[in-house]
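**Q** Handing you a structure now.
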2 protein chains.
Amino acid sequence: MKHPTILDVANEAGVSKSLVSLVMRGSDRVSPSSRKAVVEAAKKLGYRPNAAARTMVRQRSYVIGVMVSDLHNPFFADVIDGIDTAVTDTGYRAILTTGNRLPERERLAVATLLEMRVDGLILASPVFGREVAIEASQTVPTVVVGKAIRAPAVDSVTTDDRRGGEMVVNHLVELGHRRIAHIDGGSGAGARPRRTGYAHAMRGHGLESEIRTVRGSFTEEGGAAGMRGLLADATRPTAVFVANDLAAIGVVEVLDAEGLDVPGDVSVVGYDNTALAASRRLGLTTVDQPRHDMGRVAAGLILEKIGQDRETPRRVVLPPKLIARESTGPPSDSEQS
Amino acid sequence: MKHPTILDVANEAGVSKSLVSLVMRGSDRVSPSSRKAVVEAAKKLGYRPNAAARTMVRQRSYVIGVMVSDLHNPFFADVIDGIDTAVTDTGYRAILTTGNRLPERERLAVATLLEMRVDGLILASPVFGREVAIEASQTVPTVVVGKAIRAPAVDSVTTDDRRGGEMVVNHLVELGHRRIAHIDGGSGAGARPRRTGYAHAMRGHGLESEIRTVRGSFTEEGGAAGMRGLLADATRPTAVFVANDLAAIGVVEVLDAEGLDVPGDVSVVGYDNTALAASRRLGLTTVDQPRHDMGRVAAGLILEKIGQDRETPRRVVLPPKLIARESTGPPSDSEQS
DNA sequence: ACTGATTGTTGGAACGTTCCAACTCGATGC
DNA sequence: GCATCGAGTTGGAACGTTCCAACAATCAGT
């Protein structure tokens, strides 16, 4: 249960601690015979370097810390994948902490990473206030993913949600739709730009008079409520753009219950390209965020910033992508105008 | 960008480094006036304790390391939640690394944690071989979650999948079913005990002659293929127990395509109680594993083992729970025997 | 044979904290 | 008035590593 140190290895191999250190770091200024002796002694004793000691003297941990607000959101799994990909083979390693969407826990999670003296900090959609990110950015390169934060030293990586909203409208207009409604995500993250993009594209197609936005949320129930609201009206939309995939499922359920066919009677579009949307049973047209790339880019920004001290913050905005599936199609003839 | 140390704070406050250390650790043998001076100096300088230095001298990191094989599986989000819950307010903190289902990456992820000298190690469904867990267990308390590993010093926390299989059969028999088939998970984790539980319960109900197992996998396609196999037969089962929720969706799709109603013509049961299953659109009857509890128990075992050196390994097996939803119902009259 | 370079090896200082024994100083007891 | 006590404070050693200047041994060139 007690860890052997570099000194134990040195004794075992009959050399000095410095030589053991050189071997461990893969130096080429070591004779083959000493190298062999050290490697064997290390293996025999089960030696494992002590990162804490190394961090102390090197004044670098070679660790990137990632604070994830919510592991339940599959979004982050891909982002983390991307980070891992970018970090591998650079000599750096990534460790994660999570805050469970609770500001207080998130703060603690970040503190843990900072006390460990991570060389870079990635904050994935933090829910806490800007000040935590700003404070962290004063001592360590910091990137926020999935949320734009305005601060002199904080980089960010986001997707262009406004553009995503526009793409949805363009897709539906191309199919022949005109009466396109939007069930929004209320005050949720990214809800506003999606709404703006929708309205902007509608106007761009000369469909100002058809703009119809009802309030929803990023939940199944939010989508269902929004759809019930739309159905209460005199004229039914031929297509609905919903704030995210989960809410879109609520919409589809309501349409099912009313005996309306998707996409025959109403086309439905979600957002986020979750596994739910991809399932063949649902086949939901949706908007994909380049999650993996977001992680890769975030890690890249950190590594770049560790290298040389850049002063101006970078705000990277990546393009979304429309994924057309079976939940959208041309409006039925009777509906066409 | 340079971190102030305890010595900087001491200078600023006009006291010794030892006193600063006492204040930081919340000792009560400090006069109110010195405490105030230290606290203010620390805040002014933005002091943050250095965990690496503390770990060195205390020979303890007060950190629990968690290696997660795959963050895409929502299963782990709940397990991690449970770990966090158990660890909060004990003075310990949890950090995560991930291996992306790749044995080599997993090994690296574990090495990272061990080098950081975590005080306890939780391995969530590792795909690497037992030897990694065994080696780790020689230097640090180790618990494996979601997989039973047989080794003298490795604890484990799993769910009773055999019992889960039995519960499914019992539920279906209670509804009046007799022709109950099983589409298994092939060689996937937990597939075998579920299959065994199914067969055992069938025999228990005197339905030996009705036992019908076809090979599938833990994927949508695996479930679909299995169901097509079953439909090719002369007599159709009135109920199907599928290896997991994802595969169950494949089964439902095939039944839909064949114009068969769920549960009117065929009842379907999944396993894992994923968000997919819970969605009202699907309403899949399934078996829930107490994921949160699994995490809590795992962390508890670690904390207990850190406290005093226990020698015999613990193997905790938690009970699963059947969640009845709309995908199961009584067999139609014509089918009843 | 002597100088200089090259290769391999070494001990000591440093990193930032905690712990401990030791110190000061005013109050208390006789 | 002196020993004793306790509260508050202190400096030094230690933790395990890396880095550096310095050393020993071998070799090449003159």
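So you can find residues: chains in the structure tokens are A, B, ... in the order shown, residues in each start at 1, and ligands are numbered from 1 in order.
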Once you count only C-alpha atoms (C1' of nucleotides), which residues of chain D turn out to be within 7 Å of chain A? Could you give them as a list in words?
**A**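 In the required form, that comes to DG16, DT17 and DT18 of chain D.
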**Q** Could you save those same residues with C-alpha atoms (C1' of nucleotides) as a short mmCIF file (atom, residue, chain, number, x, y, z; two decimals), in the first residue's frame?
**A**
data_model
loop_
_atom_site.label_atom_id
_atom_site.label_comp_id
_atom_site.auth_asym_id
_atom_site.auth_seq_id
_atom_site.Cartn_x
_atom_site.Cartn_y
_atom_site.Cartn_z
"C1'" DG D 16 9.26 13.02 -4.19
"C1'" DT D 17 10.54 14.88 -7.99
"C1'" DT D 18 13.42 17.87 -11.64
#
**Q** Counting only C-alpha atoms (C1' of nucleotides), which residues from chain C have an atom at most 12 Å from any atom of chain B, and could you show them as a list in words?
**A** DC15, DG16, DT17, DT18, DC19 and DC20 of chain C
**Q** Could you save those same residues with C-alpha atoms (C1' of nucleotides) as a PDB file, in the first residue's frame?
**A**
ATOM      1  C1'  DC C  15       9.037  23.590  -5.463  1.00  0.00           C
ATOM      2  C1'  DG C  16       4.659  24.807  -1.507  1.00  0.00           C
ATOM      3  C1'  DT C  17       2.694  22.750   1.874  1.00  0.00           C
ATOM      4  C1'  DT C  18       1.958  20.281   6.797  1.00  0.00           C
ATOM      5  C1'  DC C  19       3.523  18.814  11.092  1.00  0.00           C
ATOM      6  C1'  DC C  20       6.020  19.164  15.227  1.00  0.00           C
TER       7       DC C  20
END
**Q** Wanna dump the chain A-chain B contacts at 6 Å for me, each residue with its shortest atom pair and the distance in Å to one decimal, counting only C-alpha atoms, ordered by chain and number, as a Markdown table?
**A**
| residue | atom | partner | partner_atom | distance |
| --- | --- | --- | --- | --- |
| A:Met1 | CA | B:Thr139 | CA | 4.5 |
| A:Pro49 | CA | B:Glu115 | CA | 5.9 |
| A:Asn50 | CA | B:Glu115 | CA | 5.2 |
| A:Ala51 | CA | B:Met116 | CA | 5.0 |
| A:Ala52 | CA | B:Ala52 | CA | 4.4 |
| A:Leu71 | CA | B:Ala77 | CA | 5.3 |
| A:His72 | CA | B:Ala77 | CA | 5.3 |
| A:Ala77 | CA | B:Leu71 | CA | 5.3 |
| A:Ile95 | CA | B:Thr97 | CA | 5.2 |
| A:Leu96 | CA | B:Leu96 | CA | 4.8 |
| A:Thr97 | CA | B:Ile95 | CA | 5.2 |
| A:Glu115 | CA | B:Ala51 | CA | 5.2 |
| A:Met116 | CA | B:Ala51 | CA | 5.0 |
| A:Thr139 | CA | B:Met1 | CA | 4.5 |
| A:Glu253 | CA | B:Arg281 | CA | 6.0 |
**Q** Please run DSSP on the backbone and report, as a PyMOL selection string, all residues within stretch 160-334 of chain A that come out as strand (DSSP E).
**A** chain A and resi 180-183+212-214+239-242+267-269+286-288+315-318+321-323
**Q** To one decimal place, how far is atom CA of B:Asp293 from atom CA of B:Pro319 in Å?
**A**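 Answer for the atom CA of B:Asp293 to atom CA of B:Pro319 separation: 10.4 Å.
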**Q** When you look at B:Val132 with a cut-off of 10 Å (counting only C-alpha atoms (C1' of nucleotides)), what residues show up, excluding the ones that are within fewer than 4 positions of it in the same chain? I need them as a VMD selection string.
**A** chain B and resid 103 106 to 107 110 to 111 126 128 136 to 137
**Q** Using only C-alpha atoms (C1' of nucleotides), determine which residues lie at most 12 Å from C:DG4, disregarding the query and same-chain residues fewer than 4 positions distant; provide the list as a PyMOL selection string.
**A** chain D and resi 27-30
**Q** Looking only at helix (DSSP H, G or I) from DSSP on the backbone, list the matching residues of stretch 101-337 of chain A as a ChimeraX atom specification.
**A** /A:103-115,130-137,161-175,191-204,208-210,220-231,245-257,275-278,291-307,333-335
**Q** Which residues are close to A:Val169, i.e. within 10 Å by only C-alpha atoms (C1' of nucleotides), leaving aside same-chain residues fewer than 5 positions away? Reply as number ranges by chain.
**A** A: 164, 174-175, 177-178, 180-182, 197-202, 204-205, 239-241, 269
**Q** Put those residues in a file: C-alpha atoms, as a compact mmCIF listing (two decimals), in the first residue's frame.
**A**
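See selection.txt below for the written result:
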# COMPACT_ATOMS: atom_id res chain seq x y z
CA GLY A 164 -29.20 26.82 -37.51
CA GLU A 174 -37.49 24.48 -50.28
CA LEU A 175 -39.92 21.62 -49.65
CA HIS A 177 -43.89 25.08 -46.93
CA ARG A 178 -45.08 28.57 -46.11
CA ILE A 180 -44.05 27.43 -40.68
CA ALA A 181 -44.46 27.85 -36.92
CA HIS A 182 -41.81 27.87 -34.23
CA GLY A 197 -32.71 32.90 -37.01
CA TYR A 198 -36.20 31.56 -37.68
CA ALA A 199 -37.76 35.00 -37.83
CA HIS A 200 -34.95 36.39 -39.93
CA ALA A 201 -35.17 33.63 -42.53
CA MET A 202 -38.94 33.87 -42.69
CA GLY A 204 -35.95 36.76 -46.03
CA HIS A 205 -38.41 34.51 -47.88
CA ALA A 239 -44.52 22.61 -40.57
CA VAL A 240 -43.22 23.18 -37.07
CA PHE A 241 -39.66 24.01 -36.04
CA VAL A 269 -37.97 19.61 -37.18
